[in-house]
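Enquirer: So here's entry-v8.cif (mmCIF, C-alpha atoms).
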data_input
#
loop_
_atom_site.label_atom_id
_atom_site.label_comp_id
_atom_site.auth_asym_id
_atom_site.auth_seq_id
_atom_site.Cartn_x
_atom_site.Cartn_y
_atom_site.Cartn_z
CA ILE Q 235 4.66 -4.19 12.40
CA ILE Q 236 4.68 -5.84 9.00
CA ARG Q 237 2.68 -4.05 6.33
CA VAL Q 238 1.49 -6.28 3.50
CA PRO Q 239 -0.05 -5.02 0.23
CA PHE Q 240 -3.69 -5.84 -0.40
CA GLY Q 241 -2.84 -7.44 -3.74
CA VAL Q 242 -4.99 -6.12 -6.58
CA VAL Q 243 -6.70 -2.75 -6.10
CA GLY Q 244 -9.64 -1.78 -8.31
CA ILE Q 245 -10.21 1.95 -8.94
CA ILE Q 246 -13.43 3.35 -10.47
CA SER Q 247 -13.01 7.09 -11.00
CA PRO Q 248 -15.48 9.92 -11.70
CA TRP Q 249 -15.70 12.34 -14.60
CA ASN Q 250 -15.57 15.61 -12.67
CA TYR Q 251 -11.85 15.40 -11.73
CA PRO Q 252 -10.87 12.64 -14.13
CA PHE Q 253 -7.09 12.97 -13.68
CA THR Q 254 -6.54 14.24 -10.14
CA ILE Q 255 -8.74 11.79 -8.24
CA PRO Q 256 -7.61 8.50 -9.81
CA PHE Q 257 -3.96 9.59 -10.13
CA SER Q 258 -3.52 9.93 -6.37
CA GLU Q 259 -5.26 6.61 -5.72
CA ILE Q 260 -3.24 4.77 -8.37
CA ILE Q 261 0.09 6.12 -7.09
CA MET Q 262 -0.74 5.29 -3.46
CA ALA Q 263 -1.70 1.75 -4.40
CA LEU Q 264 1.39 1.17 -6.53
CA LEU Q 265 3.78 2.63 -3.93
CA ALA Q 266 2.30 0.28 -1.34
CA GLY Q 267 3.15 -2.70 -3.53
CA ASN Q 268 -0.21 -3.45 -5.15
CA CYS Q 269 -1.27 -4.11 -8.69
CA VAL Q 270 -3.96 -1.75 -10.01
CA ILE Q 271 -6.92 -2.14 -12.36
CA PHE Q 272 -8.22 1.28 -13.33
CA LYS Q 273 -11.51 2.18 -14.98
CA ALA Q 274 -12.02 5.81 -16.08
CA ALA Q 275 -15.45 7.39 -16.40
CA SER Q 276 -17.12 6.84 -19.76
CA GLU Q 277 -17.44 10.61 -20.30
CA THR Q 278 -13.70 11.24 -19.89
CA GLN Q 279 -11.96 8.44 -21.78
CA VAL Q 280 -9.43 10.79 -23.40
CA VAL Q 281 -8.20 11.84 -19.96
CA GLY Q 282 -8.09 8.20 -18.91
CA HIS Q 283 -5.79 7.36 -21.80
CA ALA Q 284 -3.52 10.30 -20.91
CA LEU Q 285 -3.28 9.01 -17.35
CA LYS Q 286 -2.51 5.52 -18.68
CA GLU Q 287 0.40 6.93 -20.69
CA CYS Q 288 1.78 8.66 -17.58
CA ILE Q 289 1.70 5.50 -15.47
CA GLU Q 290 3.13 3.27 -18.20
CA ALA Q 291 6.01 5.73 -18.72
CA ALA Q 292 7.36 4.51 -15.36
CA GLY Q 293 8.26 1.19 -16.98
CA LEU Q 294 6.30 -1.02 -14.58
CA PRO Q 295 6.33 -4.78 -15.12
CA GLU Q 296 3.58 -6.04 -17.40
CA GLY Q 297 0.27 -6.47 -15.58
CA VAL Q 298 1.09 -4.30 -12.57
CA PHE Q 299 -1.13 -1.54 -13.98
CA THR Q 300 -4.12 -2.30 -16.20
CA TYR Q 301 -6.42 0.23 -17.83
CA ILE Q 302 -9.85 -1.02 -18.87
CA ASN Q 303 -12.72 0.56 -20.77
CA MET Q 304 -16.18 -0.84 -20.13
CA PRO Q 305 -19.64 0.53 -19.28
CA GLY Q 306 -19.87 1.93 -15.77
CA SER Q 307 -22.99 -0.11 -15.00
CA MET Q 308 -20.97 -3.32 -15.40
CA VAL Q 309 -17.62 -2.49 -13.89
CA GLY Q 310 -18.41 -2.74 -10.17
CA ASP Q 311 -19.77 -6.25 -10.47
CA ALA Q 312 -16.89 -7.22 -12.78
CA PHE Q 313 -14.24 -5.98 -10.34
CA LEU Q 314 -15.75 -7.70 -7.32
CA GLU Q 315 -16.54 -10.94 -9.12
CA ALA Q 316 -12.97 -11.01 -10.49
CA GLY Q 317 -11.75 -10.91 -6.89
CA VAL Q 318 -10.03 -7.55 -6.42
CA ASP Q 319 -8.63 -7.23 -2.91
CA LYS Q 320 -9.70 -3.61 -2.37
CA LEU Q 321 -11.99 -1.25 -4.25
CA PHE Q 322 -11.94 2.56 -4.56
CA PHE Q 323 -15.12 4.19 -5.89
CA THR Q 324 -15.94 7.89 -6.29
CA GLY Q 325 -19.46 8.64 -7.47
CA SER Q 326 -23.12 8.61 -6.55
CA VAL Q 327 -24.70 7.39 -3.34
CA PRO Q 328 -26.94 4.72 -4.97
CA VAL Q 329 -24.00 3.12 -6.77
CA GLY Q 330 -21.85 3.37 -3.63
CA LYS Q 331 -24.50 1.60 -1.57
CA TYR Q 332 -24.76 -1.13 -4.18
CA LEU Q 333 -20.99 -1.68 -4.27
CA MET Q 334 -20.76 -1.78 -0.47
CA LYS Q 335 -23.51 -4.39 -0.36
CA LYS Q 336 -21.90 -6.40 -3.15
CA ALA Q 337 -18.45 -6.19 -1.50
CA SER Q 338 -19.87 -7.45 1.78
CA GLU Q 339 -20.47 -10.85 0.18
CA THR Q 340 -16.71 -11.41 0.01
CA LEU Q 341 -15.71 -8.98 2.79
CA THR Q 342 -13.77 -6.94 0.23
CA PRO Q 343 -12.72 -3.59 1.78
CA VAL Q 344 -14.05 -0.54 -0.04
CA SER Q 345 -13.22 3.17 0.06
CA LEU Q 346 -16.20 5.28 -1.01
CA GLU Q 347 -16.46 9.01 -1.65
CA LEU Q 348 -20.07 9.75 -2.50
CA GLY Q 349 -22.41 12.72 -2.86
CA GLY Q 350 -22.76 15.96 -0.93
CA LYS Q 351 -25.28 18.72 -0.32
CA ASN Q 352 -22.86 20.85 1.59
CA PRO Q 353 -24.00 23.77 3.78
CA GLN Q 354 -22.13 27.03 4.34
CA VAL Q 355 -23.32 28.99 7.38
CA VAL Q 356 -22.85 32.77 7.35
CA CYS Q 357 -23.42 34.53 10.68
CA ALA Q 358 -24.14 38.25 11.03
CA ASP Q 359 -20.73 38.98 12.58
CA ALA Q 360 -18.78 37.36 9.72
CA ASP Q 361 -16.41 39.10 7.31
CA LEU Q 362 -19.09 39.31 4.64
CA ASP Q 363 -16.76 40.11 1.75
CA GLN Q 364 -14.70 37.03 2.52
CA ALA Q 365 -17.83 34.92 2.97
CA LEU Q 366 -19.18 36.08 -0.39
CA LYS Q 367 -15.91 35.26 -2.15
CA GLU Q 368 -15.90 31.78 -0.66
CA THR Q 369 -19.59 31.25 -1.42
CA VAL Q 370 -19.00 32.00 -5.10
CA ARG Q 371 -15.78 30.00 -5.29
CA GLY Q 372 -17.25 27.06 -3.40
CA ALA Q 373 -20.46 26.93 -5.39
CA PHE Q 374 -19.23 27.48 -8.94
CA THR Q 375 -15.73 26.00 -9.17
CA ASN Q 376 -15.72 23.44 -11.99
CA ALA Q 377 -19.24 24.67 -12.89
CA GLY Q 378 -20.51 23.28 -9.60
CA GLN Q 379 -19.53 19.72 -10.52
CA VAL Q 380 -17.78 19.13 -7.19
CA CYS Q 381 -18.96 16.72 -4.50
CA THR Q 382 -17.58 18.97 -1.74
CA GLY Q 383 -18.87 22.17 -3.35
CA VAL Q 384 -21.14 24.65 -1.57
CA SER Q 385 -24.72 24.00 -2.60
CA ARG Q 386 -26.64 25.50 0.35
CA VAL Q 387 -25.87 28.85 1.98
CA LEU Q 388 -27.51 29.45 5.35
CA VAL Q 389 -27.50 33.17 6.17
CA GLU Q 390 -28.51 34.83 9.44
CA ARG Q 391 -31.78 36.65 8.88
CA SER Q 392 -30.57 40.12 9.90
CA ILE Q 393 -28.15 40.18 6.93
CA TYR Q 394 -30.06 37.83 4.64
CA ALA Q 395 -31.55 40.29 2.13
CA GLY Q 396 -28.30 42.22 1.70
CA TYR Q 397 -26.30 39.01 1.35
CA VAL Q 398 -28.59 37.65 -1.38
CA GLU Q 399 -28.39 40.95 -3.27
CA ALA Q 400 -24.59 41.09 -3.06
CA LEU Q 401 -24.30 37.42 -3.98
CA CYS Q 402 -26.44 37.80 -7.08
CA SER Q 403 -24.49 40.88 -8.14
CA ARG Q 404 -21.29 38.83 -8.13
CA VAL Q 405 -22.86 35.75 -9.72
CA GLY Q 406 -24.56 37.80 -12.43
CA ALA Q 407 -21.20 39.25 -13.45
CA MET Q 408 -19.56 35.85 -13.91
CA THR Q 409 -18.53 34.92 -17.44
CA VAL Q 410 -19.41 31.63 -19.11
CA ALA Q 411 -17.40 30.51 -22.14
CA PRO Q 412 -15.03 27.80 -23.43
CA GLY Q 413 -12.03 27.25 -21.20
CA LEU Q 414 -9.46 28.77 -23.55
CA GLU Q 415 -11.24 32.10 -23.14
CA ASN Q 416 -10.37 32.10 -19.41
CA ALA Q 417 -14.02 32.35 -18.36
CA ASP Q 418 -15.30 32.00 -14.80
CA LEU Q 419 -17.35 28.94 -15.79
CA GLY Q 420 -16.82 26.42 -18.56
CA PRO Q 421 -19.31 23.84 -19.82
CA LEU Q 422 -20.97 20.99 -17.99
CA VAL Q 423 -19.75 17.51 -18.82
CA SER Q 424 -22.49 16.42 -21.24
CA ARG Q 425 -25.83 17.19 -22.84
CA THR Q 426 -27.50 14.71 -20.47
CA HIS Q 427 -26.04 16.31 -17.38
CA ARG Q 428 -27.00 19.81 -18.48
CA GLN Q 429 -30.57 18.58 -18.91
CA THR Q 430 -30.46 17.16 -15.37
CA VAL Q 431 -29.41 20.57 -14.03
CA ALA Q 432 -32.13 22.32 -16.04
CA ASP Q 433 -34.70 19.84 -14.71
CA TYR Q 434 -33.74 20.69 -11.12
CA VAL Q 435 -34.13 24.40 -11.88
CA ARG Q 436 -37.61 23.73 -13.26
CA ILE Q 437 -38.57 21.57 -10.26
CA ALA Q 438 -37.36 24.26 -7.84
CA GLN Q 439 -39.58 26.85 -9.49
CA GLN Q 440 -42.54 24.47 -9.44
CA GLU Q 441 -42.03 23.93 -5.70
CA GLY Q 442 -42.10 27.68 -5.07
CA ALA Q 443 -38.44 28.68 -4.87
CA ARG Q 444 -37.60 32.09 -6.36
CA LEU Q 445 -35.06 32.17 -9.18
CA VAL Q 446 -32.88 35.17 -8.37
CA CYS Q 447 -30.36 34.89 -11.18
CA GLY Q 448 -29.20 32.46 -13.86
CA GLY Q 449 -31.30 29.41 -14.62
CA ARG Q 450 -30.73 29.35 -18.37
CA VAL Q 451 -28.39 28.49 -21.22
CA PRO Q 452 -26.21 31.52 -22.10
CA GLU Q 453 -27.07 33.24 -25.35
CA GLY Q 454 -24.80 32.20 -28.18
CA LEU Q 455 -23.58 29.07 -26.38
CA GLU Q 456 -26.35 26.66 -27.31
CA ARG Q 457 -23.92 24.28 -29.05
CA GLY Q 458 -21.90 23.44 -25.95
CA TRP Q 459 -23.13 22.20 -22.60
CA PHE Q 460 -23.06 25.62 -20.93
CA TYR Q 461 -25.36 26.88 -18.16
CA ARG Q 462 -25.49 30.19 -16.31
CA PRO Q 463 -24.59 30.11 -12.59
CA THR Q 464 -27.90 30.02 -10.76
CA VAL Q 465 -29.13 31.21 -7.35
CA PHE Q 466 -32.46 30.50 -5.63
CA ASP Q 467 -33.92 32.03 -2.48
CA GLU Q 468 -37.31 31.62 -0.78
CA VAL Q 469 -36.26 28.00 -0.39
CA SER Q 470 -37.43 25.67 2.37
CA ALA Q 471 -35.29 22.83 3.69
CA SER Q 472 -37.90 20.32 2.52
CA MET Q 473 -37.65 21.25 -1.18
CA ARG Q 474 -35.85 18.88 -3.52
CA ILE Q 475 -33.51 21.68 -4.60
CA ALA Q 476 -32.36 21.92 -0.95
CA ARG Q 477 -32.10 18.16 -0.34
CA GLU Q 478 -30.87 16.47 -3.52
CA GLU Q 479 -27.47 16.73 -5.16
CA VAL Q 480 -27.72 18.78 -8.36
CA PHE Q 481 -23.99 18.58 -9.14
CA GLY Q 482 -24.09 21.73 -11.20
CA PRO Q 483 -23.90 25.54 -10.92
CA VAL Q 484 -27.02 25.87 -8.74
CA LEU Q 485 -26.96 27.44 -5.27
CA VAL Q 486 -29.80 27.83 -2.76
CA VAL Q 487 -29.90 30.42 0.03
CA LEU Q 488 -31.86 29.84 3.24
CA PRO Q 489 -32.32 32.18 6.25
CA PHE Q 490 -31.90 31.23 9.92
CA ASP Q 491 -32.51 33.04 13.21
CA THR Q 492 -30.49 31.05 15.76
CA ASP Q 493 -27.39 28.86 15.79
CA ALA Q 494 -29.57 25.90 16.74
CA GLU Q 495 -31.81 26.49 13.73
CA ALA Q 496 -28.80 26.76 11.42
CA LEU Q 497 -27.48 23.47 12.76
CA ALA Q 498 -30.85 21.79 12.28
CA ILE Q 499 -31.12 23.01 8.66
CA ALA Q 500 -27.52 21.99 7.91
CA ASN Q 501 -28.19 18.49 9.23
CA SER Q 502 -31.62 18.10 7.65
CA GLY Q 503 -30.46 16.31 4.50
CA ASP Q 504 -29.28 12.79 3.77
CA PHE Q 505 -25.70 13.78 2.90
CA GLY Q 506 -22.69 14.40 5.11
CA LEU Q 507 -19.50 15.36 3.34
CA ALA Q 508 -18.36 18.97 3.89
CA ALA Q 509 -19.49 22.15 5.61
CA GLY Q 510 -18.27 25.68 6.33
CA ILE Q 511 -19.00 28.36 8.91
CA PHE Q 512 -18.23 32.09 8.67
CA THR Q 513 -18.42 33.96 11.98
#
Please lay out the structure from this file as structure tokens.

Expert:
Amino acid sequence: IIRVPFGVVGIISPWNYPFTIPFSEIIMALLAGNCVIFKAASETQVVGHALKECIEAAGLPEGVFTYINMPGSMVGDAFLEAGVDKLFFTGSVPVGKYLMKKASETLTPVSLELGGKNPQVVCADADLDQALKETVRGAFTNAGQVCTGVSRVLVERSIYAGYVEALCSRVGAMTVAPGLENADLGPLVSRTHRQTVADYVRIAQQEGARLVCGGRVPEGLERGWFYRPTVFDEVSASMRIAREEVFGPVLVVLPFDTDAEALAIANSGDFGLAAGIFT
């Protein structure tokens, strides 16, 4: 077996884990003998430059690693039209679909990690304390800006009311503050993204979901892009809040009666990325 490098690998990275995600992809590509062209997210250029310094400290030959800064709307076309031999993209489903279609014109292989609306199923016989800990951790790590994060919790009806009450007690006690204050949640990435999250909260209420806790900017933190961790119940699987990726600190709780119903609700959306079951 003779393994041959692709040649030039293009990497388009997201803003939510702006160092970890591209670093592993860049190192893999370089170790396999490829050249790399790397484009960091527009929102996290400072992190991109720090990563550039790390890679260049290895003393690679000129041109083996190239860092570029250009608008995200242009970079996919630019990479593919320039003739990269493989493309990594982490981001939204619409952009991923576009890049896959564009790459098909030249049969360029692509690796895509796209959106999620990930369910966590909690059965009545589960270790509820453990399930609650993992619900909170899974939903609100990185202020919910995680593609594999928990965004839907499906709870067996016999324990549903108690679970929602215990969940909101824990979520309501979470602290929100700048990172140096060692808070439970830091800010969202930008003013625009915080507005997107707030819009989803408003839409959920308009559709009839019940806001149990959160759903607002914390008092005294209007200057940053902070948002309280938020929980909704009285949610149906057809609501936008239960189907679309919010990518923020917003969690919906839905009841189920049977395993078959839980499975149907879990599979009712357009996303498939991660899931969890407590039983």

Enquirer: Taking the file above as input, evaluate the PyMOL selection byres ((chain Q and resi 318) around 12) and report the hits as an MDAnalysis selection string.

Expert: chainID Q and resid 240:245 268:272 309:317 319:322 337 340:344

Enquirer: To test your reading of the syntax: which residues would the PyMOL selection byres ((chain Q and resi 446) around 10) return for the file shown? Reply as a list in words.

Expert: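 Against this file, the PyMOL selection byres ((chain Q and resi 446) around 10) returns the residues Val398, Glu399, Leu401, Cys402, Gly406, Ala443, Arg444, Leu445, Cys447, Gly448, Gly449, Thr464, Val465, Phe466, Asp467, Glu468 and Val486 of chain Q.
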
Enquirer: Could you take the residues named above and write them with C-alpha atoms, as a PDB file, in the frame of the given file?

Expert:
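Once written, result_34.pdb looks like this:
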ATOM      1  CA  VAL Q 398     -28.590  37.650  -1.380  1.00  0.00           C
ATOM      2  CA  GLU Q 399     -28.390  40.950  -3.270  1.00  0.00           C
ATOM      3  CA  LEU Q 401     -24.300  37.420  -3.980  1.00  0.00           C
ATOM      4  CA  CYS Q 402     -26.440  37.800  -7.080  1.00  0.00           C
ATOM      5  CA  GLY Q 406     -24.560  37.800 -12.430  1.00  0.00           C
ATOM      6  CA  ALA Q 443     -38.440  28.680  -4.870  1.00  0.00           C
ATOM      7  CA  ARG Q 444     -37.600  32.090  -6.360  1.00  0.00           C
ATOM      8  CA  LEU Q 445     -35.060  32.170  -9.180  1.00  0.00           C
ATOM      9  CA  CYS Q 447     -30.360  34.890 -11.180  1.00  0.00           C
ATOM     10  CA  GLY Q 448     -29.200  32.460 -13.860  1.00  0.00           C
ATOM     11  CA  GLY Q 449     -31.300  29.410 -14.620  1.00  0.00           C
ATOM     12  CA  THR Q 464     -27.900  30.020 -10.760  1.00  0.00           C
ATOM     13  CA  VAL Q 465     -29.130  31.210  -7.350  1.00  0.00           C
ATOM     14  CA  PHE Q 466     -32.460  30.500  -5.630  1.00  0.00           C
ATOM     15  CA  ASP Q 467     -33.920  32.030  -2.480  1.00  0.00           C
ATOM     16  CA  GLU Q 468     -37.310  31.620  -0.780  1.00  0.00           C
ATOM     17  CA  VAL Q 486     -29.800  27.830  -2.760  1.00  0.00           C
TER      18      VAL Q 486
END

Enquirer: Hey, what's within 8 Å of Gly349 of chain Q if we count only C-alpha atoms and toss same-chain stuff fewer than 6 positions away? As a CSV table (one decimal) with C-alpha atoms, in the frame of the given file, please?

Expert:
chain,number,residue,atom,x,y,z
Q,325,GLY,CA,-19.5,8.6,-7.5
Q,326,SER,CA,-23.1,8.6,-6.6
Q,327,VAL,CA,-24.7,7.4,-3.3
Q,381,CYS,CA,-19.0,16.7,-4.5
Q,382,THR,CA,-17.6,19.0,-1.7
Q,479,GLU,CA,-27.5,16.7,-5.2
Q,505,PHE,CA,-25.7,13.8,2.9
Q,507,LEU,CA,-19.5,15.4,3.3

Enquirer: Considering only C-alpha atoms, can you say which of Q:Ala365, Q:Val370, Q:Leu388, Q:Ala476 comes closest to Asp418 of chain Q?

Expert: Q:Val370

Enquirer: Using all atoms listed in the file - which residues lie no farther than 10 Å from the point (-19.0, 35.6, -10.7) in the file's frame? Write them as a list in words.

Expert: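 Output: Lys367, Val370, Arg371, Phe374, Leu401, Cys402, Ser403, Arg404, Val405, Gly406, Ala407, Met408, Thr409, Val410, Ala417, Asp418, Leu419 and Pro463 of chain Q.
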
Enquirer: Between atom CA of Arg462 of chain Q and atom CA of Gly396 of chain Q, what is the spacing in Å?

Expert: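 Taking atom CA of Gly396 of chain Q and atom CA of Arg462 of chain Q, their separation equals 21.8 Å.
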
Enquirer: Have segment 404-425 of chain Q completed to N, CA, C and O atoms, please, and pass it along as a PDB file, in the frame of the given file.

Expert:
ATOM      1  N   ARG Q 404     -22.553  39.480  -7.754  1.00  0.00           N
ATOM      2  CA  ARG Q 404     -21.290  38.830  -8.130  1.00  0.00           C
ATOM      3  C   ARG Q 404     -21.549  37.682  -9.120  1.00  0.00           C
ATOM      4  O   ARG Q 404     -20.815  37.528 -10.102  1.00  0.00           O
ATOM      5  N   VAL Q 405     -22.574  36.900  -8.857  1.00  0.00           N
ATOM      6  CA  VAL Q 405     -22.860  35.750  -9.720  1.00  0.00           C
ATOM      7  C   VAL Q 405     -23.294  36.228 -11.101  1.00  0.00           C
ATOM      8  O   VAL Q 405     -22.899  35.653 -12.133  1.00  0.00           O
ATOM      9  N   GLY Q 406     -24.097  37.282 -11.151  1.00  0.00           N
ATOM     10  CA  GLY Q 406     -24.560  37.800 -12.430  1.00  0.00           C
ATOM     11  C   GLY Q 406     -23.444  38.323 -13.311  1.00  0.00           C
ATOM     12  O   GLY Q 406     -23.571  38.359 -14.530  1.00  0.00           O
ATOM     13  N   ALA Q 407     -22.331  38.719 -12.680  1.00  0.00           N
ATOM     14  CA  ALA Q 407     -21.200  39.250 -13.450  1.00  0.00           C
ATOM     15  C   ALA Q 407     -20.238  38.170 -13.916  1.00  0.00           C
ATOM     16  O   ALA Q 407     -19.285  38.462 -14.646  1.00  0.00           O
ATOM     17  N   MET Q 408     -20.469  36.928 -13.519  1.00  0.00           N
ATOM     18  CA  MET Q 408     -19.560  35.850 -13.910  1.00  0.00           C
ATOM     19  C   MET Q 408     -19.689  35.546 -15.396  1.00  0.00           C
ATOM     20  O   MET Q 408     -20.776  35.605 -15.968  1.00  0.00           O
ATOM     21  N   THR Q 409     -18.548  35.228 -16.010  1.00  0.00           N
ATOM     22  CA  THR Q 409     -18.530  34.920 -17.440  1.00  0.00           C
ATOM     23  C   THR Q 409     -18.603  33.419 -17.656  1.00  0.00           C
ATOM     24  O   THR Q 409     -18.081  32.625 -16.869  1.00  0.00           O
ATOM     25  N   VAL Q 410     -19.268  33.039 -18.730  1.00  0.00           N
ATOM     26  CA  VAL Q 410     -19.410  31.630 -19.110  1.00  0.00           C
ATOM     27  C   VAL Q 410     -18.948  31.510 -20.557  1.00  0.00           C
ATOM     28  O   VAL Q 410     -19.466  32.199 -21.450  1.00  0.00           O
ATOM     29  N   ALA Q 411     -17.972  30.648 -20.792  1.00  0.00           N
ATOM     30  CA  ALA Q 411     -17.400  30.510 -22.140  1.00  0.00           C
ATOM     31  C   ALA Q 411     -16.488  29.292 -22.167  1.00  0.00           C
ATOM     32  O   ALA Q 411     -16.191  28.708 -21.123  1.00  0.00           O
ATOM     33  N   PRO Q 412     -16.023  28.885 -23.362  1.00  0.00           N
ATOM     34  CA  PRO Q 412     -15.030  27.800 -23.430  1.00  0.00           C
ATOM     35  C   PRO Q 412     -13.793  28.123 -22.606  1.00  0.00           C
ATOM     36  O   PRO Q 412     -13.436  29.298 -22.424  1.00  0.00           O
ATOM     37  N   GLY Q 413     -13.131  27.083 -22.130  1.00  0.00           N
ATOM     38  CA  GLY Q 413     -12.030  27.250 -21.200  1.00  0.00           C
ATOM     39  C   GLY Q 413     -10.878  28.083 -21.713  1.00  0.00           C
ATOM     40  O   GLY Q 413     -10.244  28.819 -20.952  1.00  0.00           O
ATOM     41  N   LEU Q 414     -10.594  28.019 -23.002  1.00  0.00           N
ATOM     42  CA  LEU Q 414      -9.460  28.770 -23.550  1.00  0.00           C
ATOM     43  C   LEU Q 414      -9.695  30.271 -23.497  1.00  0.00           C
ATOM     44  O   LEU Q 414      -8.768  31.052 -23.664  1.00  0.00           O
ATOM     45  N   GLU Q 415     -10.930  30.685 -23.257  1.00  0.00           N
ATOM     46  CA  GLU Q 415     -11.240  32.100 -23.140  1.00  0.00           C
ATOM     47  C   GLU Q 415     -11.110  32.602 -21.700  1.00  0.00           C
ATOM     48  O   GLU Q 415     -11.448  33.743 -21.401  1.00  0.00           O
ATOM     49  N   ASN Q 416     -10.623  31.734 -20.805  1.00  0.00           N
ATOM     50  CA  ASN Q 416     -10.370  32.100 -19.410  1.00  0.00           C
ATOM     51  C   ASN Q 416     -11.637  32.631 -18.722  1.00  0.00           C
ATOM     52  O   ASN Q 416     -11.615  33.619 -17.992  1.00  0.00           O
ATOM     53  N   ALA Q 417     -12.749  31.952 -18.955  1.00  0.00           N
ATOM     54  CA  ALA Q 417     -14.020  32.350 -18.360  1.00  0.00           C
ATOM     55  C   ALA Q 417     -14.097  31.893 -16.909  1.00  0.00           C
ATOM     56  O   ALA Q 417     -13.302  31.067 -16.447  1.00  0.00           O
ATOM     57  N   ASP Q 418     -15.074  32.437 -16.180  1.00  0.00           N
ATOM     58  CA  ASP Q 418     -15.300  32.000 -14.800  1.00  0.00           C
ATOM     59  C   ASP Q 418     -15.871  30.594 -14.759  1.00  0.00           C
ATOM     60  O   ASP Q 418     -15.545  29.805 -13.873  1.00  0.00           O
ATOM     61  N   LEU Q 419     -16.756  30.268 -15.700  1.00  0.00           N
ATOM     62  CA  LEU Q 419     -17.350  28.940 -15.790  1.00  0.00           C
ATOM     63  C   LEU Q 419     -17.191  28.404 -17.198  1.00  0.00           C
ATOM     64  O   LEU Q 419     -17.424  29.113 -18.185  1.00  0.00           O
ATOM     65  N   GLY Q 420     -16.826  27.125 -17.293  1.00  0.00           N
ATOM     66  CA  GLY Q 420     -16.820  26.420 -18.560  1.00  0.00           C
ATOM     67  C   GLY Q 420     -18.094  25.610 -18.703  1.00  0.00           C
ATOM     68  O   GLY Q 420     -19.078  25.847 -18.002  1.00  0.00           O
ATOM     69  N   PRO Q 421     -18.111  24.624 -19.582  1.00  0.00           N
ATOM     70  CA  PRO Q 421     -19.310  23.840 -19.820  1.00  0.00           C
ATOM     71  C   PRO Q 421     -19.506  22.737 -18.781  1.00  0.00           C
ATOM     72  O   PRO Q 421     -18.574  22.370 -18.059  1.00  0.00           O
ATOM     73  N   LEU Q 422     -20.719  22.215 -18.726  1.00  0.00           N
ATOM     74  CA  LEU Q 422     -20.970  20.990 -17.990  1.00  0.00           C
ATOM     75  C   LEU Q 422     -20.449  19.815 -18.810  1.00  0.00           C
ATOM     76  O   LEU Q 422     -20.036  19.967 -19.960  1.00  0.00           O
ATOM     77  N   VAL Q 423     -20.469  18.626 -18.217  1.00  0.00           N
ATOM     78  CA  VAL Q 423     -19.750  17.510 -18.820  1.00  0.00           C
ATOM     79  C   VAL Q 423     -20.447  16.950 -20.059  1.00  0.00           C
ATOM     80  O   VAL Q 423     -19.786  16.420 -20.957  1.00  0.00           O
ATOM     81  N   SER Q 424     -21.785  17.061 -20.142  1.00  0.00           N
ATOM     82  CA  SER Q 424     -22.490  16.420 -21.240  1.00  0.00           C
ATOM     83  C   SER Q 424     -23.864  17.044 -21.435  1.00  0.00           C
ATOM     84  O   SER Q 424     -24.377  17.760 -20.565  1.00  0.00           O
ATOM     85  N   ARG Q 425     -24.460  16.743 -22.570  1.00  0.00           N
ATOM     86  CA  ARG Q 425     -25.830  17.190 -22.840  1.00  0.00           C
ATOM     87  C   ARG Q 425     -26.783  16.628 -21.776  1.00  0.00           C
ATOM     88  O   ARG Q 425     -27.666  17.335 -21.264  1.00  0.00           O
TER      89      ARG Q 425
END
